[in-house]
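A.B. asks: Take a look at the following structure, please.
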Amino acid sequence: MFFPLSKLLYFLVTPSNALTLLVLAGIGLAAAGWLRLGLLLGALGSILLVTVGFTPLAGLVALPLEERFPAHVADDAPVAGIIVLGGAIETRTSAERGQLVVNDAGERQIAMADLARRYPQSRLVFTGGSGSLNGSIASEAEIVGRYAETMGLPRTRLILEDRSRNTRENSVFSAALVKPKPGERWLLVTSAWHMPRAVGCFRQAGFTVTAYPVDYRTNGWSDALRFNGFASDGLMLLDLMVKEWLGLVAYRLAGYTDALLPAPQSASASSEVAETAPSR
């Protein structure tokens with residue numbers, strides 16, 4: 001029930017949807033004779049649409065998420081595996097058009113190809129099932145496998161997890177599939193704004209990962225003062241970030257993560273993990 005309920009809840013509380021419905025409700029009430037209330041609701045919805053669209057509000061909501069985990073800095077430490085989360089593939093369009101089609105999170109696939117080249121001995125995992133409620137659309141993993149060579153990836157190297165429908169299932173199914181060993185270093189690739197929830201889920205699944213954030217939607221804290229040139233930019237960003245914050249709250253309440261806003265491990269915690277690694 002969690003998956004379909006999350007879809008319904010997101011539709012209802014998405015700011016652009018909710019504010020548009022508020023304006024329409026105001027028009028409807030005014031037409032029905034409730035003129036004062038209708039005008040009040042319509043004006044409120046319109047003002048909020050303009051405010052959300054043009055002001056830095058959406059950036060302010062996004063920045064705590066994107067700044068939570070720092071950008072990955074390459075070093076000489078060995079990498080046992082790379083896990084790339086789904087969410088960047090337009091499965092229906094890819095299937096209908098006969099080519100790989102990505103959305104605004106396409107940097108996940110770019111990073112996948114880049115990391116596969118830089119770490120040729122590491123295991124390469126892509127985790128992503130079908131986002132449709134009835135599962136009738138091809139899974140993201142299936143599309144990635146079908147067009148692996150488009151990304152310069154040998155199909156035989158890919159480990160595909162095609163059952164997961166959300167971030168928690170990404171973590172649980174990936175852990176069961178690859179069975180990571182203590183002390184191994186696994187890079188987790190997903191959008192910067194999604195990284196806190198993703199890392200929290202993997203930790204709860206007993207899978208220690210190193211964050212490799214991509215797909216930034218802000219330029220940094222300077223965006224706290226930046227106004228948008230197009231209202232659609234602010235609305236689109238806020239829609240996405242509200243969904244993510246709701247996901248963090250829901251996952252914490254469901255016990256899928258151990259914190260509301262998971263953070264990088266402290267140095268002491270990292271050393272404790274390293275001490276548990278078996279000698280080679």
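Following the order of the structure tokens, chains are lettered A, B, ..., residues in each are numbered from 1, and ligands are numbered from 1.
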Could you find all residues in region 43-267 of chain A that DSSP calls alpha helix (DSSP H) from the backbone, and write them as a VMD selection string?

C.D. replies: chain A and resid 43 to 54 57 to 66 91 to 97 107 to 118 140 to 146 167 to 178 195 to 204 231 to 254 267

A.B. asks: Could you produce a table of the residues of region 142-199 of chain A lying within 10 Å of region 75-98 of chain A, with the nearest pair of atoms per residue and their separation in Å rounded to one decimal, using only C-alpha atoms, ordered by chain and increasing residue number, as a Markdown table?

C.D. replies:
| residue | atom | partner | partner_atom | distance |
| --- | --- | --- | --- | --- |
| A:Glu142 | CA | A:Thr91 | CA | 8.9 |
| A:Ile143 | CA | A:Thr91 | CA | 6.7 |
| A:Val144 | CA | A:Ile89 | CA | 8.1 |
| A:Arg146 | CA | A:Gly98 | CA | 9.8 |
| A:Tyr147 | CA | A:Gly98 | CA | 9.4 |
| A:Ile159 | CA | A:Ile83 | CA | 9.3 |
| A:Leu160 | CA | A:Ile83 | CA | 10.0 |
| A:Glu161 | CA | A:Gly86 | CA | 9.8 |
| A:Asp162 | CA | A:Gly86 | CA | 9.6 |
| A:Ser164 | CA | A:Gly86 | CA | 9.1 |
| A:Arg165 | CA | A:Gly86 | CA | 9.1 |
| A:Asn166 | CA | A:Gly86 | CA | 8.9 |
| A:Thr167 | CA | A:Leu85 | CA | 8.0 |
| A:Asn170 | CA | A:Leu85 | CA | 7.1 |
| A:Ser171 | CA | A:Leu85 | CA | 9.2 |
| A:Ser174 | CA | A:Ile83 | CA | 8.3 |
| A:Val178 | CA | A:Gly81 | CA | 9.2 |
| A:Pro180 | CA | A:Ala80 | CA | 8.8 |
| A:Lys181 | CA | A:Ala80 | CA | 9.4 |
| A:Gly183 | CA | A:Ala80 | CA | 9.5 |
| A:Glu184 | CA | A:Ala80 | CA | 5.8 |
| A:Arg185 | CA | A:Val79 | CA | 5.1 |
| A:Trp186 | CA | A:Gly81 | CA | 4.7 |
| A:Leu187 | CA | A:Ile82 | CA | 4.8 |
| A:Leu188 | CA | A:Ile83 | CA | 5.0 |
| A:Val189 | CA | A:Val84 | CA | 4.7 |
| A:Thr190 | CA | A:Leu85 | CA | 5.7 |
| A:Ser191 | CA | A:Leu85 | CA | 8.8 |
| A:Ala198 | CA | A:Leu85 | CA | 8.8 |

A.B. asks: Give the strand (DSSP E or B) residues of region 32-217 of chain A, as assigned by DSSP on the backbone, as a PDB file with N, CA and C atoms, in the first residue's frame.

C.D. replies:
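What follows is the written file states_7.pdb:
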ATOM      1  N   GLY A  81      32.617  -1.625  -5.604  1.00  0.00           N
ATOM      2  CA  GLY A  81      31.439  -1.600  -6.454  1.00  0.00           C
ATOM      3  C   GLY A  81      30.841  -0.220  -6.576  1.00  0.00           C
ATOM      4  N   ILE A  82      29.995  -0.076  -7.560  1.00  0.00           N
ATOM      5  CA  ILE A  82      29.292   1.175  -7.849  1.00  0.00           C
ATOM      6  C   ILE A  82      27.806   0.851  -7.965  1.00  0.00           C
ATOM      7  N   ILE A  83      26.988   1.587  -7.234  1.00  0.00           N
ATOM      8  CA  ILE A  83      25.539   1.400  -7.306  1.00  0.00           C
ATOM      9  C   ILE A  83      24.912   2.681  -7.836  1.00  0.00           C
ATOM     10  N   VAL A  84      24.151   2.556  -8.901  1.00  0.00           N
ATOM     11  CA  VAL A  84      23.475   3.706  -9.498  1.00  0.00           C
ATOM     12  C   VAL A  84      21.971   3.514  -9.322  1.00  0.00           C
ATOM     13  N   LEU A  85      21.327   4.497  -8.704  1.00  0.00           N
ATOM     14  CA  LEU A  85      19.886   4.411  -8.493  1.00  0.00           C
ATOM     15  C   LEU A  85      19.119   4.835  -9.737  1.00  0.00           C
ATOM     16  N   ILE A  89      15.677   7.388 -16.110  1.00  0.00           N
ATOM     17  CA  ILE A  89      15.291   6.806 -17.394  1.00  0.00           C
ATOM     18  C   ILE A  89      13.800   7.019 -17.651  1.00  0.00           C
ATOM     19  N   VAL A 102      16.575   9.947 -21.352  1.00  0.00           N
ATOM     20  CA  VAL A 102      16.731  10.272 -19.938  1.00  0.00           C
ATOM     21  C   VAL A 102      15.994  11.571 -19.621  1.00  0.00           C
ATOM     22  N   ARG A 123      32.501  -3.877  -9.324  1.00  0.00           N
ATOM     23  CA  ARG A 123      31.186  -4.387  -9.706  1.00  0.00           C
ATOM     24  C   ARG A 123      30.277  -3.197  -9.996  1.00  0.00           C
ATOM     25  N   LEU A 124      29.426  -3.351 -10.998  1.00  0.00           N
ATOM     26  CA  LEU A 124      28.607  -2.233 -11.471  1.00  0.00           C
ATOM     27  C   LEU A 124      27.133  -2.629 -11.376  1.00  0.00           C
ATOM     28  N   VAL A 125      26.411  -1.949 -10.475  1.00  0.00           N
ATOM     29  CA  VAL A 125      25.016  -2.290 -10.194  1.00  0.00           C
ATOM     30  C   VAL A 125      24.109  -1.129 -10.595  1.00  0.00           C
ATOM     31  N   PHE A 126      23.063  -1.456 -11.316  1.00  0.00           N
ATOM     32  CA  PHE A 126      21.996  -0.479 -11.566  1.00  0.00           C
ATOM     33  C   PHE A 126      20.727  -1.022 -10.938  1.00  0.00           C
ATOM     34  N   THR A 127      20.067  -0.207 -10.110  1.00  0.00           N
ATOM     35  CA  THR A 127      18.862  -0.658  -9.432  1.00  0.00           C
ATOM     36  C   THR A 127      17.690   0.244  -9.763  1.00  0.00           C
ATOM     37  N   LEU A 158      27.217  -5.525 -16.304  1.00  0.00           N
ATOM     38  CA  LEU A 158      26.151  -4.931 -15.510  1.00  0.00           C
ATOM     39  C   LEU A 158      25.457  -5.946 -14.611  1.00  0.00           C
ATOM     40  N   ILE A 159      25.206  -5.541 -13.384  1.00  0.00           N
ATOM     41  CA  ILE A 159      24.359  -6.299 -12.457  1.00  0.00           C
ATOM     42  C   ILE A 159      23.070  -5.492 -12.332  1.00  0.00           C
ATOM     43  N   LEU A 160      21.982  -6.045 -12.827  1.00  0.00           N
ATOM     44  CA  LEU A 160      20.731  -5.300 -12.909  1.00  0.00           C
ATOM     45  C   LEU A 160      19.725  -5.782 -11.863  1.00  0.00           C
ATOM     46  N   GLU A 161      19.216  -4.847 -11.093  1.00  0.00           N
ATOM     47  CA  GLU A 161      18.163  -5.133 -10.108  1.00  0.00           C
ATOM     48  C   GLU A 161      16.896  -4.467 -10.633  1.00  0.00           C
ATOM     49  N   TRP A 186      31.784   0.923  -1.471  1.00  0.00           N
ATOM     50  CA  TRP A 186      30.807   0.998  -2.555  1.00  0.00           C
ATOM     51  C   TRP A 186      30.404   2.453  -2.746  1.00  0.00           C
ATOM     52  N   LEU A 187      30.462   2.925  -3.976  1.00  0.00           N
ATOM     53  CA  LEU A 187      30.016   4.274  -4.295  1.00  0.00           C
ATOM     54  C   LEU A 187      28.533   4.247  -4.636  1.00  0.00           C
ATOM     55  N   LEU A 188      27.771   5.163  -4.045  1.00  0.00           N
ATOM     56  CA  LEU A 188      26.344   5.264  -4.316  1.00  0.00           C
ATOM     57  C   LEU A 188      26.092   6.512  -5.148  1.00  0.00           C
ATOM     58  N   VAL A 189      25.571   6.319  -6.355  1.00  0.00           N
ATOM     59  CA  VAL A 189      25.319   7.426  -7.273  1.00  0.00           C
ATOM     60  C   VAL A 189      23.828   7.731  -7.315  1.00  0.00           C
ATOM     61  N   THR A 190      23.487   8.950  -6.941  1.00  0.00           N
ATOM     62  CA  THR A 190      22.122   9.434  -7.097  1.00  0.00           C
ATOM     63  C   THR A 190      22.154  10.960  -7.054  1.00  0.00           C
ATOM     64  N   SER A 191      21.018  11.585  -7.231  1.00  0.00           N
ATOM     65  CA  SER A 191      20.953  13.045  -7.226  1.00  0.00           C
ATOM     66  C   SER A 191      21.331  13.594  -5.852  1.00  0.00           C
ATOM     67  N   THR A 210      29.449   4.974   0.143  1.00  0.00           N
ATOM     68  CA  THR A 210      30.079   6.284   0.057  1.00  0.00           C
ATOM     69  C   THR A 210      29.299   7.123  -0.944  1.00  0.00           C
ATOM     70  N   ALA A 211      28.854   8.287  -0.520  1.00  0.00           N
ATOM     71  CA  ALA A 211      28.005   9.127  -1.369  1.00  0.00           C
ATOM     72  C   ALA A 211      28.778   9.677  -2.568  1.00  0.00           C
ATOM     73  N   TYR A 212      28.136   9.580  -3.734  1.00  0.00           N
ATOM     74  CA  TYR A 212      28.668  10.173  -4.958  1.00  0.00           C
ATOM     75  C   TYR A 212      27.529  10.999  -5.567  1.00  0.00           C
ATOM     76  N   PRO A 213      27.296  12.203  -5.032  1.00  0.00           N
ATOM     77  CA  PRO A 213      26.139  13.000  -5.486  1.00  0.00           C
ATOM     78  C   PRO A 213      26.353  13.616  -6.865  1.00  0.00           C
ATOM     79  N   VAL A 214      25.289  13.623  -7.659  1.00  0.00           N
ATOM     80  CA  VAL A 214      25.280  14.244  -8.982  1.00  0.00           C
ATOM     81  C   VAL A 214      23.938  14.976  -9.143  1.00  0.00           C
TER      82      VAL A 214
END

A.B. asks: If you measure from CA of Met195 (chain A) to CA of Ala224 (chain A), what distance in Å do you get, rounded to one decimal?

C.D. replies: 20.4 Å

A.B. asks: List the spatial neighbours of region 261-264 of chain A as a PDB file with N, CA and C atoms, in the first residue's frame - criterion: any atom at most 12 Å away, only C-alpha atoms, same-chain residues fewer than 5 positions off excluded.

C.D. replies:
ATOM      1  N   PRO A  64      19.334  22.689   1.810  1.00  0.00           N
ATOM      2  CA  PRO A  64      19.708  21.780   2.904  1.00  0.00           C
ATOM      3  C   PRO A  64      19.868  20.333   2.447  1.00  0.00           C
ATOM      4  N   LEU A  65      19.139  19.939   1.420  1.00  0.00           N
ATOM      5  CA  LEU A  65      19.258  18.585   0.893  1.00  0.00           C
ATOM      6  C   LEU A  65      20.533  18.433   0.068  1.00  0.00           C
ATOM      7  N   GLU A  66      20.772  19.368  -0.834  1.00  0.00           N
ATOM      8  CA  GLU A  66      21.911  19.245  -1.744  1.00  0.00           C
ATOM      9  C   GLU A  66      23.254  19.468  -1.053  1.00  0.00           C
ATOM     10  N   GLU A  67      23.247  20.227   0.038  1.00  0.00           N
ATOM     11  CA  GLU A  67      24.489  20.507   0.734  1.00  0.00           C
ATOM     12  C   GLU A  67      24.779  19.507   1.856  1.00  0.00           C
ATOM     13  N   ARG A  68      23.897  18.550   2.053  1.00  0.00           N
ATOM     14  CA  ARG A  68      24.054  17.615   3.176  1.00  0.00           C
ATOM     15  C   ARG A  68      25.278  16.727   3.005  1.00  0.00           C
ATOM     16  N   PHE A  69      25.491  16.229   1.793  1.00  0.00           N
ATOM     17  CA  PHE A  69      26.645  15.372   1.515  1.00  0.00           C
ATOM     18  C   PHE A  69      27.568  16.092   0.537  1.00  0.00           C
ATOM     19  N   PRO A  70      28.851  16.224   0.872  1.00  0.00           N
ATOM     20  CA  PRO A  70      29.763  16.935  -0.029  1.00  0.00           C
ATOM     21  C   PRO A  70      30.021  16.138  -1.297  1.00  0.00           C
ATOM     22  N   ALA A  71      30.463  16.852  -2.321  1.00  0.00           N
ATOM     23  CA  ALA A  71      30.828  16.194  -3.569  1.00  0.00           C
ATOM     24  C   ALA A  71      31.960  15.202  -3.309  1.00  0.00           C
ATOM     25  N   HIS A  72      31.934  14.097  -4.017  1.00  0.00           N
ATOM     26  CA  HIS A  72      32.946  13.059  -3.822  1.00  0.00           C
ATOM     27  C   HIS A  72      34.296  13.529  -4.336  1.00  0.00           C
ATOM     28  N   TRP A 193      20.155  16.034  -4.146  1.00  0.00           N
ATOM     29  CA  TRP A 193      19.001  16.316  -3.292  1.00  0.00           C
ATOM     30  C   TRP A 193      18.339  15.042  -2.755  1.00  0.00           C
ATOM     31  N   HIS A 194      18.632  13.919  -3.385  1.00  0.00           N
ATOM     32  CA  HIS A 194      18.065  12.632  -2.971  1.00  0.00           C
ATOM     33  C   HIS A 194      19.033  11.833  -2.103  1.00  0.00           C
ATOM     34  N   MET A 195      20.287  12.273  -2.019  1.00  0.00           N
ATOM     35  CA  MET A 195      21.311  11.490  -1.336  1.00  0.00           C
ATOM     36  C   MET A 195      21.016  11.230   0.139  1.00  0.00           C
ATOM     37  N   PRO A 196      20.531  12.213   0.941  1.00  0.00           N
ATOM     38  CA  PRO A 196      20.276  11.896   2.347  1.00  0.00           C
ATOM     39  C   PRO A 196      19.320  10.716   2.539  1.00  0.00           C
ATOM     40  N   ARG A 197      18.218  10.703   1.816  1.00  0.00           N
ATOM     41  CA  ARG A 197      17.255   9.600   1.980  1.00  0.00           C
ATOM     42  C   ARG A 197      17.845   8.288   1.481  1.00  0.00           C
ATOM     43  N   ALA A 198      18.593   8.354   0.379  1.00  0.00           N
ATOM     44  CA  ALA A 198      19.183   7.141  -0.177  1.00  0.00           C
ATOM     45  C   ALA A 198      20.210   6.532   0.778  1.00  0.00           C
ATOM     46  N   VAL A 199      21.108   7.356   1.303  1.00  0.00           N
ATOM     47  CA  VAL A 199      22.116   6.858   2.231  1.00  0.00           C
ATOM     48  C   VAL A 199      21.451   6.312   3.487  1.00  0.00           C
ATOM     49  N   GLY A 200      20.420   7.002   3.979  1.00  0.00           N
ATOM     50  CA  GLY A 200      19.708   6.521   5.160  1.00  0.00           C
ATOM     51  C   GLY A 200      19.107   5.150   4.947  1.00  0.00           C
ATOM     52  N   CYS A 201      18.550   4.923   3.771  1.00  0.00           N
ATOM     53  CA  CYS A 201      17.954   3.615   3.464  1.00  0.00           C
ATOM     54  C   CYS A 201      19.016   2.525   3.383  1.00  0.00           C
ATOM     55  N   PHE A 202      20.130   2.821   2.743  1.00  0.00           N
ATOM     56  CA  PHE A 202      21.194   1.816   2.624  1.00  0.00           C
ATOM     57  C   PHE A 202      21.787   1.492   3.993  1.00  0.00           C
ATOM     58  N   ARG A 203      21.953   2.484   4.840  1.00  0.00           N
ATOM     59  CA  ARG A 203      22.451   2.221   6.188  1.00  0.00           C
ATOM     60  C   ARG A 203      21.486   1.323   6.950  1.00  0.00           C
ATOM     61  N   GLN A 204      20.200   1.613   6.828  1.00  0.00           N
ATOM     62  CA  GLN A 204      19.203   0.813   7.537  1.00  0.00           C
ATOM     63  C   GLN A 204      19.170  -0.611   7.010  1.00  0.00           C
ATOM     64  N   THR A 208      26.841  -0.282   3.937  1.00  0.00           N
ATOM     65  CA  THR A 208      27.607   0.947   4.072  1.00  0.00           C
ATOM     66  C   THR A 208      28.053   1.428   2.698  1.00  0.00           C
ATOM     67  N   VAL A 209      27.725   2.681   2.363  1.00  0.00           N
ATOM     68  CA  VAL A 209      28.043   3.226   1.049  1.00  0.00           C
ATOM     69  C   VAL A 209      28.732   4.582   1.195  1.00  0.00           C
ATOM     70  N   THR A 210      29.449   4.974   0.143  1.00  0.00           N
ATOM     71  CA  THR A 210      30.079   6.284   0.057  1.00  0.00           C
ATOM     72  C   THR A 210      29.299   7.123  -0.944  1.00  0.00           C
ATOM     73  N   ALA A 211      28.854   8.287  -0.520  1.00  0.00           N
ATOM     74  CA  ALA A 211      28.005   9.127  -1.369  1.00  0.00           C
ATOM     75  C   ALA A 211      28.778   9.677  -2.568  1.00  0.00           C
ATOM     76  N   TYR A 212      28.136   9.580  -3.734  1.00  0.00           N
ATOM     77  CA  TYR A 212      28.668  10.173  -4.958  1.00  0.00           C
ATOM     78  C   TYR A 212      27.529  10.999  -5.567  1.00  0.00           C
ATOM     79  N   GLU A 244      10.616  15.323  -1.988  1.00  0.00           N
ATOM     80  CA  GLU A 244      11.748  14.713  -1.280  1.00  0.00           C
ATOM     81  C   GLU A 244      11.635  14.892   0.229  1.00  0.00           C
ATOM     82  N   TRP A 245      11.249  16.080   0.663  1.00  0.00           N
ATOM     83  CA  TRP A 245      11.083  16.294   2.102  1.00  0.00           C
ATOM     84  C   TRP A 245       9.967  15.423   2.672  1.00  0.00           C
ATOM     85  N   LEU A 246       8.879  15.278   1.933  1.00  0.00           N
ATOM     86  CA  LEU A 246       7.808  14.377   2.373  1.00  0.00           C
ATOM     87  C   LEU A 246       8.309  12.939   2.442  1.00  0.00           C
ATOM     88  N   GLY A 247       9.136  12.564   1.456  1.00  0.00           N
ATOM     89  CA  GLY A 247       9.710  11.227   1.469  1.00  0.00           C
ATOM     90  C   GLY A 247      10.581  11.000   2.691  1.00  0.00           C
ATOM     91  N   LEU A 248      11.356  12.004   3.076  1.00  0.00           N
ATOM     92  CA  LEU A 248      12.197  11.877   4.264  1.00  0.00           C
ATOM     93  C   LEU A 248      11.352  11.677   5.522  1.00  0.00           C
ATOM     94  N   VAL A 249      10.288  12.452   5.638  1.00  0.00           N
ATOM     95  CA  VAL A 249       9.410  12.322   6.815  1.00  0.00           C
ATOM     96  C   VAL A 249       8.733  10.953   6.828  1.00  0.00           C
ATOM     97  N   ALA A 250       8.196  10.550   5.675  1.00  0.00           N
ATOM     98  CA  ALA A 250       7.492   9.263   5.605  1.00  0.00           C
ATOM     99  C   ALA A 250       8.429   8.093   5.878  1.00  0.00           C
ATOM    100  N   TYR A 251       9.627   8.151   5.333  1.00  0.00           N
ATOM    101  CA  TYR A 251      10.578   7.061   5.534  1.00  0.00           C
ATOM    102  C   TYR A 251      11.035   6.988   6.991  1.00  0.00           C
ATOM    103  N   ARG A 252      11.194   8.140   7.620  1.00  0.00           N
ATOM    104  CA  ARG A 252      11.585   8.119   9.032  1.00  0.00           C
ATOM    105  C   ARG A 252      10.471   7.521   9.881  1.00  0.00           C
ATOM    106  N   TYR A 256      12.294   3.311   7.783  1.00  0.00           N
ATOM    107  CA  TYR A 256      13.180   2.969   6.667  1.00  0.00           C
ATOM    108  C   TYR A 256      14.529   3.656   6.777  1.00  0.00           C
ATOM    109  N   ALA A 269      33.029   7.091  13.367  1.00  0.00           N
ATOM    110  CA  ALA A 269      32.155   6.025  12.889  1.00  0.00           C
ATOM    111  C   ALA A 269      32.787   5.320  11.701  1.00  0.00           C
ATOM    112  N   SER A 270      33.437   6.090  10.812  1.00  0.00           N
ATOM    113  CA  SER A 270      34.080   5.495   9.643  1.00  0.00           C
ATOM    114  C   SER A 270      35.206   4.579  10.063  1.00  0.00           C
TER     115      SER A 270
END

A.B. asks: Using CA of Val50 (chain A) and CA of Leu19 (chain A) as the two end points, give the distance in Å to one decimal.

C.D. replies: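 Taking CA of Val50 (chain A) and CA of Leu19 (chain A), their separation equals 10.2 Å.
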
A.B. asks: For Leu48 (chain A), list every protein, DNA or RNA residue within 12 Å, evaluated using only C-alpha atoms, and leave out those in the same chain fewer than 6 positions away; present the list as a list in words.

C.D. replies: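 Using only C-alpha atoms, the neighbours found are Pro15, Ser16, Asn17, Ala18, Leu19, Thr20, Leu22, Val23, Leu41, Gly42, Phe54, Thr55, Leu57, Ala231, Gly234 and Leu235 of chain A.
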
A.B. asks: Next, the residues of the selection above should be written as a compact mmCIF listing (two decimals), in the first residue's frame with all heavy atoms.

C.D. replies:
# COMPACT_ATOMS: atom_id res chain seq x y z
N PRO A 15 3.07 21.40 -4.85
CA PRO A 15 2.70 22.82 -4.78
C PRO A 15 2.02 23.35 -6.03
O PRO A 15 1.01 24.06 -5.94
CB PRO A 15 4.05 23.51 -4.54
CG PRO A 15 4.85 22.50 -3.78
CD PRO A 15 4.45 21.17 -4.37
N SER A 16 2.54 23.03 -7.22
CA SER A 16 1.92 23.56 -8.44
C SER A 16 0.50 23.03 -8.60
O SER A 16 -0.40 23.76 -9.04
CB SER A 16 2.77 23.21 -9.66
OG SER A 16 2.92 21.81 -9.79
N ASN A 17 0.27 21.76 -8.25
CA ASN A 17 -1.08 21.20 -8.31
C ASN A 17 -1.99 21.83 -7.27
O ASN A 17 -3.12 22.26 -7.56
CB ASN A 17 -1.05 19.69 -8.08
CG ASN A 17 -0.56 18.93 -9.30
OD1 ASN A 17 -0.43 19.48 -10.38
ND2 ASN A 17 -0.26 17.66 -9.12
N ALA A 18 -1.50 21.87 -6.03
CA ALA A 18 -2.32 22.37 -4.92
C ALA A 18 -2.71 23.84 -5.13
O ALA A 18 -3.87 24.21 -4.91
CB ALA A 18 -1.57 22.20 -3.60
N LEU A 19 -1.78 24.66 -5.58
CA LEU A 19 -2.07 26.08 -5.76
C LEU A 19 -2.98 26.31 -6.96
O LEU A 19 -3.85 27.19 -6.93
CB LEU A 19 -0.77 26.86 -5.92
CG LEU A 19 0.14 26.87 -4.69
CD1 LEU A 19 1.42 27.64 -4.97
CD2 LEU A 19 -0.59 27.46 -3.49
N THR A 20 -2.80 25.53 -8.02
CA THR A 20 -3.70 25.63 -9.17
C THR A 20 -5.11 25.22 -8.79
O THR A 20 -6.09 25.89 -9.17
CB THR A 20 -3.20 24.74 -10.32
OG1 THR A 20 -1.88 25.16 -10.71
CG2 THR A 20 -4.12 24.83 -11.52
N LEU A 22 -6.34 25.48 -5.86
CA LEU A 22 -6.85 26.53 -4.99
C LEU A 22 -7.45 27.67 -5.82
O LEU A 22 -8.53 28.19 -5.51
CB LEU A 22 -5.73 27.06 -4.10
CG LEU A 22 -6.11 28.12 -3.07
CD1 LEU A 22 -7.13 27.58 -2.08
CD2 LEU A 22 -4.87 28.60 -2.32
N VAL A 23 -6.76 28.05 -6.89
CA VAL A 23 -7.28 29.11 -7.77
C VAL A 23 -8.58 28.65 -8.42
O VAL A 23 -9.56 29.40 -8.48
CB VAL A 23 -6.23 29.46 -8.85
CG1 VAL A 23 -6.83 30.40 -9.89
CG2 VAL A 23 -5.01 30.09 -8.21
N LEU A 41 -9.82 33.10 -2.08
CA LEU A 41 -9.05 31.89 -2.38
C LEU A 41 -8.30 32.03 -3.70
O LEU A 41 -7.14 31.63 -3.83
CB LEU A 41 -9.97 30.68 -2.41
CG LEU A 41 -10.57 30.23 -1.08
CD1 LEU A 41 -11.44 29.00 -1.29
CD2 LEU A 41 -9.47 29.93 -0.06
N GLY A 42 -8.97 32.59 -4.72
CA GLY A 42 -8.34 32.78 -6.01
C GLY A 42 -7.14 33.71 -5.93
O GLY A 42 -6.09 33.45 -6.53
N PHE A 54 8.82 32.84 -8.71
CA PHE A 54 9.86 33.82 -8.99
C PHE A 54 10.88 34.03 -7.87
O PHE A 54 12.01 34.41 -8.13
CB PHE A 54 9.23 35.17 -9.35
CG PHE A 54 8.57 35.19 -10.70
CD1 PHE A 54 7.19 35.22 -10.81
CD2 PHE A 54 9.32 35.16 -11.86
CE1 PHE A 54 6.57 35.23 -12.05
CE2 PHE A 54 8.72 35.17 -13.11
CZ PHE A 54 7.34 35.21 -13.21
N THR A 55 10.49 33.79 -6.63
CA THR A 55 11.39 34.09 -5.50
C THR A 55 12.37 32.94 -5.26
O THR A 55 12.23 31.85 -5.82
CB THR A 55 10.58 34.33 -4.23
OG1 THR A 55 10.00 33.09 -3.79
CG2 THR A 55 9.48 35.36 -4.45
N LEU A 57 12.50 30.95 -2.91
CA LEU A 57 11.93 29.98 -1.96
C LEU A 57 12.30 28.55 -2.31
O LEU A 57 12.72 27.77 -1.44
CB LEU A 57 10.40 30.14 -1.92
CG LEU A 57 9.66 29.14 -1.02
CD1 LEU A 57 10.09 29.28 0.42
CD2 LEU A 57 8.15 29.31 -1.16
N ALA A 231 8.75 31.61 -13.91
CA ALA A 231 8.00 31.05 -12.78
C ALA A 231 8.01 29.53 -12.81
O ALA A 231 8.01 28.87 -11.77
CB ALA A 231 6.57 31.56 -12.80
N GLY A 234 10.89 27.90 -10.72
CA GLY A 234 10.68 27.80 -9.28
C GLY A 234 9.65 26.76 -8.91
O GLY A 234 9.82 26.02 -7.94
N LEU A 235 8.57 26.69 -9.68
CA LEU A 235 7.52 25.73 -9.39
C LEU A 235 8.03 24.29 -9.56
O LEU A 235 7.75 23.41 -8.75
CB LEU A 235 6.32 25.98 -10.29
CG LEU A 235 5.47 27.21 -9.95
CD1 LEU A 235 4.53 27.54 -11.09
CD2 LEU A 235 4.70 26.98 -8.65

A.B. asks: Report the distance between CA of Ser232 (chain A) and CA of Arg36 (chain A) in Å, rounded to one decimal place.

C.D. replies: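 These two atoms are separated by 28.8 Å.
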